[in-house]
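*Asks:* I am sharing work_7.tsv, which consists of TSV, C-alpha atoms and all ligand atoms:
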```tsv
chain	number	residue	atom	x	y	z
A	179	MET	CA	0.27	-72.28	131.42
A	180	LEU	CA	-1.43	-72.22	128.00
A	181	GLU	CA	-5.19	-72.42	128.33
A	182	ILE	CA	-7.28	-72.90	125.21
A	183	ARG	CA	-11.07	-72.63	125.38
A	184	LYS	CA	-13.42	-73.23	122.46
A	185	LEU	CA	-10.82	-72.40	119.82
A	186	THR	CA	-12.72	-72.38	116.53
A	187	THR	CA	-12.04	-71.62	112.87
A	188	PRO	CA	-14.24	-72.39	109.84
A	189	LEU	CA	-12.46	-75.78	109.54
A	190	ILE	CA	-11.66	-76.86	113.12
A	191	GLY	CA	-13.05	-76.84	116.64
A	192	PRO	CA	-14.33	-75.95	119.05
A	193	ILE	CA	-11.23	-77.23	120.87
A	194	ASP	CA	-10.36	-77.04	124.58
A	195	LEU	CA	-6.82	-77.86	125.70
A	196	MET	CA	-4.56	-77.04	128.63
A	197	LEU	CA	-0.76	-77.23	128.36
A	198	GLU	CA	1.23	-77.31	131.59
A	199	PRO	CA	4.87	-76.18	131.95
A	200	GLY	CA	7.39	-78.93	131.30
A	201	THR	CA	4.88	-81.22	129.57
A	202	CYS	CA	4.55	-82.50	126.04
A	203	SER	CA	1.22	-83.11	124.33
A	204	ALA	CA	1.24	-85.02	121.06
A	205	ILE	CA	-1.37	-84.91	118.32
A	206	SER	CA	-1.83	-87.67	115.76
A	207	GLY	CA	-4.40	-87.90	113.01
A	208	ALA	CA	-4.85	-88.50	109.33
A	209	SER	CA	-3.53	-86.14	106.69
A	210	GLY	CA	-6.02	-83.29	106.34
A	211	ALA	CA	-7.52	-83.78	109.82
A	212	GLY	CA	-6.77	-80.17	110.82
A	213	LYS	CA	-3.62	-80.56	112.93
A	214	SER	CA	-1.64	-77.76	111.25
A	215	LEU	CA	-4.68	-75.50	111.25
A	216	PHE	CA	-5.00	-76.01	114.99
A	217	LEU	CA	-1.36	-75.00	115.63
A	218	ARG	CA	-1.74	-72.00	113.29
A	219	ALA	CA	-4.90	-70.89	115.12
A	220	ILE	CA	-3.12	-71.03	118.49
A	221	ALA	CA	-0.33	-68.85	117.05
A	222	ASP	CA	-3.05	-66.49	115.71
A	223	LEU	CA	-1.87	-66.89	112.11
A	224	ASP	CA	-5.39	-67.50	110.74
A	225	ASP	CA	-8.78	-66.07	111.72
A	226	ASN	CA	-10.07	-67.80	114.83
A	227	SER	CA	-12.35	-67.31	117.80
A	228	GLY	CA	-12.33	-68.56	121.37
A	229	GLN	CA	-10.21	-67.72	124.40
A	230	ILE	CA	-6.48	-68.38	124.78
A	231	SER	CA	-4.27	-67.25	127.62
A	232	LEU	CA	-0.65	-67.80	128.57
A	233	GLY	CA	0.16	-67.72	132.26
A	234	GLY	CA	-3.08	-65.80	132.85
A	235	THR	CA	-2.45	-63.17	130.14
A	236	VAL	CA	-5.13	-63.22	127.48
A	237	ARG	CA	-3.78	-63.42	123.92
A	238	SER	CA	-5.80	-60.41	122.74
A	239	GLU	CA	-4.05	-58.24	125.33
A	240	MET	CA	-0.62	-59.00	123.87
A	241	PRO	CA	0.79	-57.59	120.59
A	242	ALA	CA	0.79	-60.42	118.01
A	243	PRO	CA	4.62	-60.46	117.52
A	244	ASP	CA	5.10	-60.81	121.30
A	245	TRP	CA	2.55	-63.64	121.41
A	246	ARG	CA	4.29	-65.48	118.57
A	247	ARG	CA	7.68	-65.15	120.27
A	248	LYS	CA	6.27	-66.70	123.44
A	249	VAL	CA	4.04	-69.23	121.67
A	250	ALA	CA	6.20	-70.19	118.71
A	251	TYR	CA	4.83	-72.07	115.71
A	252	ILE	CA	7.44	-74.08	113.83
A	253	PRO	CA	5.85	-75.15	110.52
A	254	ALA	CA	6.73	-78.35	108.71
A	255	GLU	CA	8.04	-76.22	105.83
A	256	SER	CA	9.97	-73.16	106.93
A	257	GLY	CA	10.14	-69.78	105.20
A	258	TRP	CA	13.43	-68.22	104.02
A	259	TRP	CA	13.64	-64.67	102.67
A	260	ALA	CA	17.35	-63.82	102.25
A	261	GLU	CA	20.15	-65.48	100.29
A	262	ARG	CA	22.45	-66.19	103.20
A	263	VAL	CA	21.56	-68.41	106.16
A	264	ALA	CA	23.22	-65.94	108.55
A	265	ASP	CA	20.75	-63.20	107.58
A	266	HIS	CA	17.90	-65.18	109.16
A	267	PHE	CA	19.43	-65.28	112.62
A	268	ASP	CA	19.84	-62.93	115.50
A	269	GLN	CA	23.57	-63.44	116.07
A	270	THR	CA	23.40	-63.42	119.85
A	271	THR	CA	25.25	-65.53	122.34
A	272	GLY	CA	23.90	-69.02	122.48
A	273	LEU	CA	23.36	-69.30	118.73
A	274	GLY	CA	26.57	-71.30	118.27
A	275	THR	CA	25.52	-73.74	120.97
A	276	LEU	CA	22.11	-74.24	119.38
A	277	LEU	CA	23.57	-74.76	115.90
A	278	ASP	CA	26.05	-77.22	117.31
A	279	ALA	CA	23.25	-79.08	119.09
A	280	VAL	CA	21.49	-79.75	115.78
A	281	GLY	CA	24.74	-80.68	114.01
A	282	LEU	CA	24.91	-77.51	111.89
A	283	ALA	CA	27.74	-75.56	113.52
A	284	ASP	CA	29.01	-74.22	110.15
A	285	ALA	CA	25.68	-73.38	108.53
A	286	LEU	CA	25.78	-69.60	109.10
A	287	SER	CA	28.21	-69.14	106.21
A	288	TRP	CA	26.04	-71.13	103.78
A	289	GLU	CA	23.65	-69.97	101.04
A	290	VAL	CA	19.99	-70.87	101.67
A	291	SER	CA	19.75	-72.38	98.17
A	292	ARG	CA	22.08	-75.24	99.15
A	293	LEU	CA	20.13	-76.30	102.24
A	294	SER	CA	18.59	-79.76	102.22
A	295	THR	CA	15.05	-80.23	103.54
A	296	GLY	CA	16.35	-81.65	106.81
A	297	GLU	CA	18.88	-78.81	107.21
A	298	ARG	CA	16.08	-76.27	106.71
A	299	GLN	CA	13.98	-78.07	109.28
A	300	ARG	CA	16.73	-78.02	111.92
A	301	LEU	CA	17.69	-74.40	111.23
A	302	ALA	CA	14.05	-73.29	111.47
A	303	LEU	CA	13.86	-74.91	114.88
A	304	VAL	CA	17.01	-73.07	116.01
A	305	ARG	CA	15.51	-69.81	114.75
A	306	ALA	CA	12.40	-70.34	116.88
A	307	LEU	CA	14.34	-71.47	119.97
A	308	GLN	CA	16.41	-68.27	119.92
A	309	THR	CA	13.47	-66.28	121.32
A	310	ASP	CA	13.18	-68.72	124.23
A	311	PRO	CA	9.46	-69.50	123.74
A	312	LYS	CA	7.32	-70.70	126.63
A	313	VAL	CA	5.29	-72.89	124.29
A	314	LEU	CA	6.56	-74.66	121.17
A	315	LEU	CA	3.98	-75.60	118.54
A	316	LEU	CA	5.88	-78.20	116.53
A	317	ASP	CA	4.47	-79.36	113.20
A	318	GLU	CA	6.19	-82.66	112.37
A	319	PRO	CA	9.58	-81.34	113.55
A	320	THR	CA	11.57	-84.43	112.57
A	321	SER	CA	9.70	-85.56	109.45
A	322	ALA	CA	12.67	-84.89	107.12
A	323	LEU	CA	15.45	-86.10	109.42
A	324	ASP	CA	17.66	-89.18	109.53
A	325	PRO	CA	17.80	-91.12	112.83
A	326	PRO	CA	20.93	-89.38	114.24
A	327	SER	CA	19.41	-85.96	113.50
A	328	VAL	CA	16.09	-87.03	115.07
A	329	GLU	CA	18.06	-87.92	118.20
A	330	ARG	CA	19.78	-84.52	118.29
A	331	VAL	CA	16.55	-82.60	117.81
A	332	GLU	CA	14.70	-84.66	120.39
A	333	ALA	CA	17.53	-84.10	122.90
A	334	LEU	CA	17.28	-80.36	122.33
A	335	LEU	CA	13.50	-80.41	122.77
A	336	LYS	CA	13.82	-82.49	125.94
A	337	GLU	CA	16.15	-79.80	127.34
A	338	ARG	CA	13.42	-77.23	126.69
A	339	LEU	CA	10.90	-79.44	128.45
A	340	ALA	CA	13.23	-79.78	131.44
A	341	SER	CA	13.57	-76.00	131.63
A	342	GLY	CA	9.77	-75.62	131.81
A	343	SER	CA	8.60	-75.02	128.24
A	344	ALA	CA	5.46	-76.79	127.06
A	345	LEU	CA	5.51	-78.69	123.77
A	346	LEU	CA	2.56	-79.32	121.48
A	347	LEU	CA	3.81	-81.84	118.97
A	348	VAL	CA	2.12	-82.91	115.75
A	349	THR	CA	3.73	-86.14	114.66
A	350	HIS	CA	3.17	-89.14	112.42
A	351	ASP	CA	5.95	-91.04	114.25
A	352	PRO	CA	4.18	-93.44	116.65
A	353	GLY	CA	7.32	-93.74	118.83
A	354	GLN	CA	7.76	-90.01	119.37
A	355	PRO	CA	4.95	-89.42	121.94
A	356	LYS	CA	6.42	-92.21	124.06
A	357	ARG	CA	9.93	-90.75	123.93
A	358	PHE	CA	8.52	-87.46	125.25
A	359	ALA	CA	6.19	-89.03	127.83
A	360	ALA	CA	3.48	-87.11	126.03
A	361	ARG	CA	-0.22	-86.80	126.69
A	362	ARG	CA	-1.74	-88.10	123.50
A	363	TYR	CA	-4.57	-86.61	121.48
A	364	HIS	CA	-6.15	-87.55	118.18
A	365	MET	CA	-7.47	-85.11	115.62
A	366	ALA	CA	-10.23	-86.12	113.20
A	367	SER	CA	-12.34	-83.76	111.08
A	368	GLY	CA	-11.12	-80.76	113.05
A	369	LYS	CA	-12.06	-82.19	116.45
A	370	LEU	CA	-9.50	-83.09	119.14
A	371	SER	CA	-9.98	-86.08	121.48
A	372	PRO	CA	-7.73	-87.31	124.30
A	373	LEU	CA	-6.38	-90.80	123.68
A	374	ASP	CA	-5.14	-92.39	126.89
A	375	GLN	CA	-2.96	-91.91	129.94
A	376	PRO	CA	0.42	-90.14	129.46
A	377	GLU	CA	3.13	-92.41	128.07
A	378	LYS	CA	6.11	-93.34	130.21
A	379	ALA	CA	9.36	-91.83	128.86
A	380	SER	CA	11.72	-94.27	127.14
A	401	LIG	N1	-7.08	-71.86	103.51
A	401	LIG	C1	-7.77	-73.00	103.40
A	401	LIG	N2	-8.96	-73.04	102.79
A	401	LIG	C2	-9.66	-74.19	102.66
A	401	LIG	N3	-9.25	-75.36	103.15
A	401	LIG	C3	-8.07	-75.38	103.79
A	401	LIG	C4	-7.26	-74.22	103.96
A	401	LIG	N4	-6.14	-74.56	104.63
A	401	LIG	C5	-6.24	-75.88	104.88
A	401	LIG	N5	-7.39	-76.38	104.37
A	401	LIG	C6	-7.86	-77.78	104.43
A	401	LIG	O1	-8.11	-78.08	105.79
A	401	LIG	C7	-7.80	-79.44	106.05
A	401	LIG	C8	-6.86	-79.52	107.24
A	401	LIG	O2	-5.57	-79.04	106.86
A	401	LIG	P1	-4.29	-79.21	107.80
A	401	LIG	O3	-3.14	-78.58	107.08
A	401	LIG	O4	-4.58	-78.70	109.16
A	401	LIG	O5	-4.13	-80.80	107.83
A	401	LIG	P2	-3.13	-81.70	108.70
A	401	LIG	O6	-3.96	-82.49	109.66
A	401	LIG	O7	-2.06	-80.86	109.28
A	401	LIG	O8	-2.57	-82.66	107.58
A	401	LIG	P3	-1.07	-83.25	107.27
A	401	LIG	O9	-0.87	-84.38	108.24
A	401	LIG	O10	-1.20	-83.72	105.85
A	401	LIG	O11	-0.09	-82.12	107.43
A	401	LIG	C9	-7.20	-80.00	104.75
A	401	LIG	O12	-8.23	-80.73	104.09
A	401	LIG	C10	-6.81	-78.76	103.97
A	401	LIG	O13	-6.90	-78.99	102.58
```
In structure tokens, how does this file's structure come out?
Ligand SMILES: Nc1ncnc2c1ncn2[C@@H]1O[C@H](COP(=O)(O)OP(=O)(O)OP(=O)(O)O)[C@@H](O)[C@H]1O
*Replies:*
Amino acid sequence: MLEIRKLTTPLIGPIDLMLEPGTCSAISGASGAGKSLFLRAIADLDDNSGQISLGGTVRSEMPAPDWRRKVAYIPAESGWWAERVADHFDQTTGLGTLLDAVGLADALSWEVSRLSTGERQRLALVRALQTDPKVLLLDEPTSALDPPSVERVEALLKERLASGSALLLVTHDPGQPKRFAARRYHMASGKLSPLDQPEKAS
């Protein structure tokens, strides 16, 4: 599905990685190892070289906004540009279901300034899921969440896995790769290494 060959930036790589539909790959590694830079390079947000294709279509043949809708990067800290939460969302059918799934059914009427870190994190995920991406590049998606919210977000992500999306998950939570039956990788000094056999789902 997503094929990455020799992806390189001044600070990471070269990195090869293949993501298959309906699978989760998890990346661990020390702070500063290059995990976020790797996800950003895949999304083409920073200068990079190498070959990346999605379902056989080479990234360079696709307009960047189309690529980023299909291969969505969800940063650890999301960006907000308007005062009202509602102004950041495409108010299409399905939005209510997604907001409900993350426990924020009423959030559209709120001001952005009142959002907690965890509320921002969950709303940013909903924003990305609205475009129905084939690949989700998740940068510590539950780092600011309490256990019930982690459960909700993980359930939502598992639904995406079941419907054929691929997840690339950067996480410092050692239990998370296991809960997603993820293939595990370790990043150190900008280099990615496979860890072991895929975990069994719990
Ligand atoms: N624009 C930049 N110029 C120079 N160095 C940078 C730049 N962006 C990131 N770095 C450095 O590259 C290294 C990797 O950063 P990255 O954000 O990928 O780390 P990370 O593995 O995601 O860490 P964390 O777990 O803390 O989020 C860090 O040392 C960071 O300071």
*Asks:* So, counting all atoms listed in the file, which residue among A:Ala340, A:Leu334, A:Ala221, A:Leu370 is closest to A:Lys184?
*Replies:*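 Answer, going by the shortest atom-to-atom distance: A:Leu370.
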*Asks:* I need the residue nearest A:Gly212 from this list: A:Asp244, A:Gly191, A:Glu318, A:Gly234. Use only C-alpha atoms for the distance.
*Replies:* A:Gly191
*Asks:* Quick one: contact table of chain A to ligand LIG 401 (chain A), 7 Å max, nearest atom pair and distance in Å to one decimal per residue, counting all atoms listed in the file, chain and number order, as a tab-separated table?
*Replies:*
```
residue	atom	partner	partner_atom	distance
A:Leu189	CA	A:LIG401	O1	6.2
A:Gly207	CA	A:LIG401	O6	6.4
A:Ala208	CA	A:LIG401	O9	5.8
A:Ser209	CA	A:LIG401	O10	3.5
A:Gly210	CA	A:LIG401	O5	3.5
A:Ala211	CA	A:LIG401	O6	3.8
A:Gly212	CA	A:LIG401	O4	3.1
A:Lys213	CA	A:LIG401	O6	3.8
A:Ser214	CA	A:LIG401	O7	3.7
A:Leu215	CA	A:LIG401	O4	3.8
A:Phe216	CA	A:LIG401	O4	6.4
```
*Asks:* Go ahead and save the residues from that selection, with C-alpha atoms, as an mmCIF file, in the frame of the given file.
*Replies:*
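Written out: out.cif:
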```cif
data_model
loop_
_atom_site.group_PDB
_atom_site.id
_atom_site.type_symbol
_atom_site.label_atom_id
_atom_site.label_comp_id
_atom_site.auth_asym_id
_atom_site.auth_seq_id
_atom_site.Cartn_x
_atom_site.Cartn_y
_atom_site.Cartn_z
ATOM 1 C CA LEU A 189 -12.460 -75.780 109.540
ATOM 2 C CA GLY A 207 -4.400 -87.900 113.010
ATOM 3 C CA ALA A 208 -4.850 -88.500 109.330
ATOM 4 C CA SER A 209 -3.530 -86.140 106.690
ATOM 5 C CA GLY A 210 -6.020 -83.290 106.340
ATOM 6 C CA ALA A 211 -7.520 -83.780 109.820
ATOM 7 C CA GLY A 212 -6.770 -80.170 110.820
ATOM 8 C CA LYS A 213 -3.620 -80.560 112.930
ATOM 9 C CA SER A 214 -1.640 -77.760 111.250
ATOM 10 C CA LEU A 215 -4.680 -75.500 111.250
ATOM 11 C CA PHE A 216 -5.000 -76.010 114.990
#
```
*Asks:* Could you give me, as a list in words, the residues within 12 Å of A:Arg292, counting all atoms listed in the file and dropping anything in the same chain fewer than 4 positions from it?
*Replies:* Glu261, Arg262, Val263, Ala285, Ser287, Trp288, Gly296, Glu297 and Arg298 of chain A
*Asks:* So the first atom is atom CA of A:Ala250 and the second is atom CA of A:Ser367; what is the distance between them in Å, to one decimal place?
*Replies:*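 Between atom CA of A:Ala250 and atom CA of A:Ser367 the gap works out to 24.2 Å.
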*Asks:* May I have the residues within 8 Å of A:Asp374 as a list in words, using all atoms listed in the file and disregarding those fewer than 3 positions away in the same chain?
*Replies:*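 So, after excluding close chain neighbours, the residues are Arg361, Arg362 and Tyr363 of chain A.
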*Asks:* Find, counting all atoms listed in the file, the residue in A:Ile182, A:Ile252, A:Leu273, A:Ala302 that gets nearest to A:Arg237.
*Replies:*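 Of the candidates, the smallest distance to A:Arg237 is held by A:Ile182.
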*Asks:* When distances are computed from all atoms listed in the file, which of A:Ser371, A:Gln354, A:Gln229, A:Thr349 shows the smallest separation from A:Lys336?
*Replies:*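 Between A:Ser371, A:Gln354, A:Gln229, A:Thr349, the residue approaching A:Lys336 most closely is A:Gln354.
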*Asks:* Measure the distance from atom CA of A:Ala242 to atom CA of A:Leu276 in Å and round it to one decimal.
*Replies:*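 Computing the Euclidean distance for atom CA of A:Ala242 and atom CA of A:Leu276 yields 25.4 Å.
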*Asks:* For a cut-off of 8 Å around (-5.3, -75.7, 125.4), file coordinates, pick out all residues using all atoms listed in the file and list them as a list of chain:residue names.
*Replies:*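 Checked against the point, the hits come out as A:Leu180, A:Glu181, A:Ile182, A:Arg183, A:Ile193, A:Asp194, A:Leu195, A:Met196, A:Leu197, A:Ile230.
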*Asks:* Between A:Gly353, A:Pro372, A:Pro319, A:Gly274, which is the closest to A:Pro253 once you count all atoms listed in the file?
*Replies:* A:Pro319
*Asks:* Quick check, in Å to one decimal: how far apart do atom CA of A:Thr235 and atom CA of A:Leu373 lie?
*Replies:*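 According to the coordinates, atom CA of A:Thr235 and atom CA of A:Leu373 are separated by 28.6 Å.
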*Asks:* Put a box with edges along x, y and z around all the listed atoms of stretch 225-235 of chain A, pad it by 8 Å on each side, then give me its centre and sizes in Å, one decimal, as lines of an AutoDock Vina configuration file.
*Replies:*
```
center_x = -6.1
center_y = -65.9
center_z = 122.3
size_x = 28.5
size_y = 21.4
size_z = 37.1
```
*Asks:* Ranking A:Ala264, A:Ile190, A:Leu277, A:Ala306 by minimum distance to A:Ser227 and counting all atoms listed in the file, which one comes first?
*Replies:*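 For A:Ser227, the nearest of the given residues is A:Ile190.
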*Asks:* For A:Leu323, please output as a list in words all residues within 12 Å (counting all atoms listed in the file; exclusion window: fewer than 2 positions along the same chain).
*Replies:*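 In the requested form, the answer reads Ala254, Val280, Gly281, Ser294, Thr295, Gly296, Glu297, Arg298, Gln299, Arg300, Glu318, Pro319, Thr320, Ser321, Pro325, Pro326, Ser327, Val328, Glu329, Arg330, Val331, Glu332 and Asp351 of chain A.
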